[in-house]
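A.B. asks: Just passing along the structure, written as structure tokens.
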Amino acid sequence: MAMRGYYFAMDDNLVQQIAAGDLSDGEPPLGYIVPLTSDKGIDFGSFGAFFLRAEQVAEALQAMSELDEAQLRLRYDFPAMVKDEVYPLEPDTVSDEDEDEFFAYMLQNFNEIRRFYNQTVAEGKGLIFYIF
């Protein structure tokens, strides 16, 4: 079976934690950025899948467009994220010296998600988020 559509691969929870302040069930519209909300779940595979309708993708894009690098930096609490083991941060593998590097990594992912959402909104589409 071939997969159809557009794909964006992301391997961390940093963006969701910083934007929505919660790893799952964050308040909309920022909680839509990485849609792990229980009310949007689909029984699929090991972890399930999550969906957003086209208007929810547009709401998320609007909210992301209002966050600049300085605002994201204010939301970035590296020590708390390490303590909470927000993936890929693990206390035994990172130090305070990694703070700026991980912010840059998160910012790159945030910008890629924003680009992907912009394309999705331009085409009037919703999306399905799947963890594999």
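Letters A, B, ... mark the chains of the structure tokens in the order given; residue numbers begin at 1 per chain; ligand numbers begin at 1, in order shown.
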Sorted by chain and rising residue number, list the residues of range 47-66 of chain A at most 10 Å from range 118-124 of chain A (counting only C-alpha atoms), each with its closest atom pair and distance in Å to one decimal, as a tab-separated table.
C.D. replies:
```
residue	atom	partner	partner_atom	distance
A:Arg53	CA	A:Gly124	CA	9.4
A:Ala54	CA	A:Gly124	CA	5.9
A:Glu55	CA	A:Val121	CA	8.2
A:Gln56	CA	A:Val121	CA	9.5
A:Val57	CA	A:Val121	CA	6.5
A:Ala58	CA	A:Val121	CA	5.7
A:Glu59	CA	A:Val121	CA	9.5
A:Ala60	CA	A:Asn118	CA	9.7
A:Leu61	CA	A:Asn118	CA	6.6
A:Gln62	CA	A:Asn118	CA	9.3
A:Ser65	CA	A:Asn118	CA	9.7
```
A.B. asks: Next, write the just-selected residues to a file, as a CSV table (one decimal), in the first residue's frame, keeping N, CA and C atoms as the atom set.
C.D. replies:
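So the final result, stored in result-v9.csv, reads:
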```csv
chain,number,residue,atom,x,y,z
A,53,ARG,N,-8.7,19.3,11.4
A,53,ARG,CA,-9.4,19.7,10.2
A,53,ARG,C,-8.7,21.0,9.6
A,54,ALA,N,-9.0,21.3,8.4
A,54,ALA,CA,-8.3,22.4,7.7
A,54,ALA,C,-8.4,23.7,8.5
A,55,GLU,N,-9.5,24.0,9.2
A,55,GLU,CA,-9.7,25.3,9.9
A,55,GLU,C,-8.8,25.2,11.2
A,56,GLN,N,-8.5,24.1,11.7
A,56,GLN,CA,-7.7,23.9,12.9
A,56,GLN,C,-6.2,24.1,12.5
A,57,VAL,N,-5.8,23.6,11.3
A,57,VAL,CA,-4.5,23.8,10.8
A,57,VAL,C,-4.3,25.3,10.6
A,58,ALA,N,-5.3,26.0,10.1
A,58,ALA,CA,-5.2,27.5,9.9
A,58,ALA,C,-5.0,28.2,11.2
A,59,GLU,N,-5.8,27.8,12.2
A,59,GLU,CA,-5.7,28.4,13.5
A,59,GLU,C,-4.3,28.2,14.1
A,60,ALA,N,-3.7,27.0,13.9
A,60,ALA,CA,-2.4,26.7,14.4
A,60,ALA,C,-1.4,27.6,13.7
A,61,LEU,N,-1.5,27.7,12.4
A,61,LEU,CA,-0.6,28.5,11.6
A,61,LEU,C,-0.6,30.0,12.1
A,62,GLN,N,-1.8,30.5,12.3
A,62,GLN,CA,-1.9,31.9,12.7
A,62,GLN,C,-1.2,32.1,14.1
A,65,SER,N,2.5,32.0,13.6
A,65,SER,CA,2.9,33.2,12.9
A,65,SER,C,3.1,34.4,13.9
```
A.B. asks: Got a sec: who's within 7 Å of Pro35 in chain A, counting only C-alpha atoms, leaving out chain neighbours fewer than 4 positions off, as a PDB file with all heavy atoms, in the first residue's frame?
C.D. replies:
```pdb
ATOM      1  N   GLY A  31      -1.907  24.171  20.924  1.00  0.00           N
ATOM      2  CA  GLY A  31      -1.946  22.734  21.130  1.00  0.00           C
ATOM      3  C   GLY A  31      -2.136  21.962  19.839  1.00  0.00           C
ATOM      4  O   GLY A  31      -1.943  20.751  19.794  1.00  0.00           O
ATOM      5  N   PHE A  50      -3.538  11.228  15.127  1.00  0.00           N
ATOM      6  CA  PHE A  50      -4.302  12.392  15.563  1.00  0.00           C
ATOM      7  C   PHE A  50      -4.564  13.261  14.347  1.00  0.00           C
ATOM      8  O   PHE A  50      -3.734  13.346  13.448  1.00  0.00           O
ATOM      9  CB  PHE A  50      -3.505  13.164  16.618  1.00  0.00           C
ATOM     10  CG  PHE A  50      -3.106  12.289  17.775  1.00  0.00           C
ATOM     11  CD1 PHE A  50      -1.929  11.557  17.731  1.00  0.00           C
ATOM     12  CD2 PHE A  50      -3.921  12.167  18.877  1.00  0.00           C
ATOM     13  CE1 PHE A  50      -1.557  10.720  18.776  1.00  0.00           C
ATOM     14  CE2 PHE A  50      -3.574  11.336  19.939  1.00  0.00           C
ATOM     15  CZ  PHE A  50      -2.388  10.609  19.877  1.00  0.00           C
ATOM     16  N   PHE A  51      -5.722  13.893  14.308  1.00  0.00           N
ATOM     17  CA  PHE A  51      -6.077  14.655  13.116  1.00  0.00           C
ATOM     18  C   PHE A  51      -6.430  16.097  13.457  1.00  0.00           C
ATOM     19  O   PHE A  51      -6.816  16.421  14.587  1.00  0.00           O
ATOM     20  CB  PHE A  51      -7.261  14.009  12.399  1.00  0.00           C
ATOM     21  CG  PHE A  51      -8.559  14.098  13.174  1.00  0.00           C
ATOM     22  CD1 PHE A  51      -9.424  15.165  12.966  1.00  0.00           C
ATOM     23  CD2 PHE A  51      -8.901  13.131  14.102  1.00  0.00           C
ATOM     24  CE1 PHE A  51     -10.614  15.259  13.678  1.00  0.00           C
ATOM     25  CE2 PHE A  51     -10.085  13.219  14.820  1.00  0.00           C
ATOM     26  CZ  PHE A  51     -10.940  14.283  14.615  1.00  0.00           C
ATOM     27  N   PHE A 129      -1.556  13.334  12.095  1.00  0.00           N
ATOM     28  CA  PHE A 129      -0.269  13.250  12.769  1.00  0.00           C
ATOM     29  C   PHE A 129      -0.140  11.841  13.314  1.00  0.00           C
ATOM     30  O   PHE A 129      -0.986  11.377  14.064  1.00  0.00           O
ATOM     31  CB  PHE A 129      -0.232  14.275  13.910  1.00  0.00           C
ATOM     32  CG  PHE A 129       1.078  14.352  14.619  1.00  0.00           C
ATOM     33  CD1 PHE A 129       2.097  15.161  14.123  1.00  0.00           C
ATOM     34  CD2 PHE A 129       1.309  13.633  15.777  1.00  0.00           C
ATOM     35  CE1 PHE A 129       3.305  15.236  14.763  1.00  0.00           C
ATOM     36  CE2 PHE A 129       2.527  13.709  16.425  1.00  0.00           C
ATOM     37  CZ  PHE A 129       3.537  14.499  15.926  1.00  0.00           C
TER      38      PHE A 129
END
```
A.B. asks: Env of Phe102 in chain A: 12 Å cut, atoms = only C-alpha atoms, seq-sep filter 3 positions within chain, self excluded. Answer as an MDAnalysis selection string.
C.D. replies: chainID A and resid 12:15 18 73 76:79 81:82 86:89 94:99 105:109
A.B. asks: Please, what distance in Å, to one decimal, runs between CA of Ile128 in chain A and CA of Ala49 in chain A?
C.D. replies: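 If I compute the distance from CA of Ile128 in chain A to CA of Ala49 in chain A, I get 6.6 Å.
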A.B. asks: Would you mind reading off the distance between CA of Glu27 in chain A and CA of Glu90 in chain A, one decimal, in Å?
C.D. replies: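 For CA of Glu27 in chain A relative to CA of Glu90 in chain A, the distance reads 25.5 Å.
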A.B. asks: Given the choices A:Phe44, A:Tyr32, A:Phe116, A:Phe110, which gets closest to Leu67 in chain A if the distance is worked out from only C-alpha atoms?
C.D. replies: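 The closest residue to Leu67 in chain A is A:Phe110.
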A.B. asks: One decimal, Å: what's the distance from CA of Met64 in chain A over to CA of Tyr130 in chain A, could you say?
C.D. replies: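 Between these atoms lies a distance of 20.5 Å.
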A.B. asks: Could you check which of A:Ala80, A:Glu85, A:Ile33, A:Leu74 is closest to Asn111 in chain A, using only C-alpha atoms?
C.D. replies: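 Looking only at the distances to Asn111 in chain A, the closest residue turns out to be A:Ile33.
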A.B. asks: Going by DSSP on the backbone, which bits of range 20-118 of chain A are strand (DSSP E)? Write them as a ChimeraX atom specification, please.
C.D. replies: /A:41-42,49-52
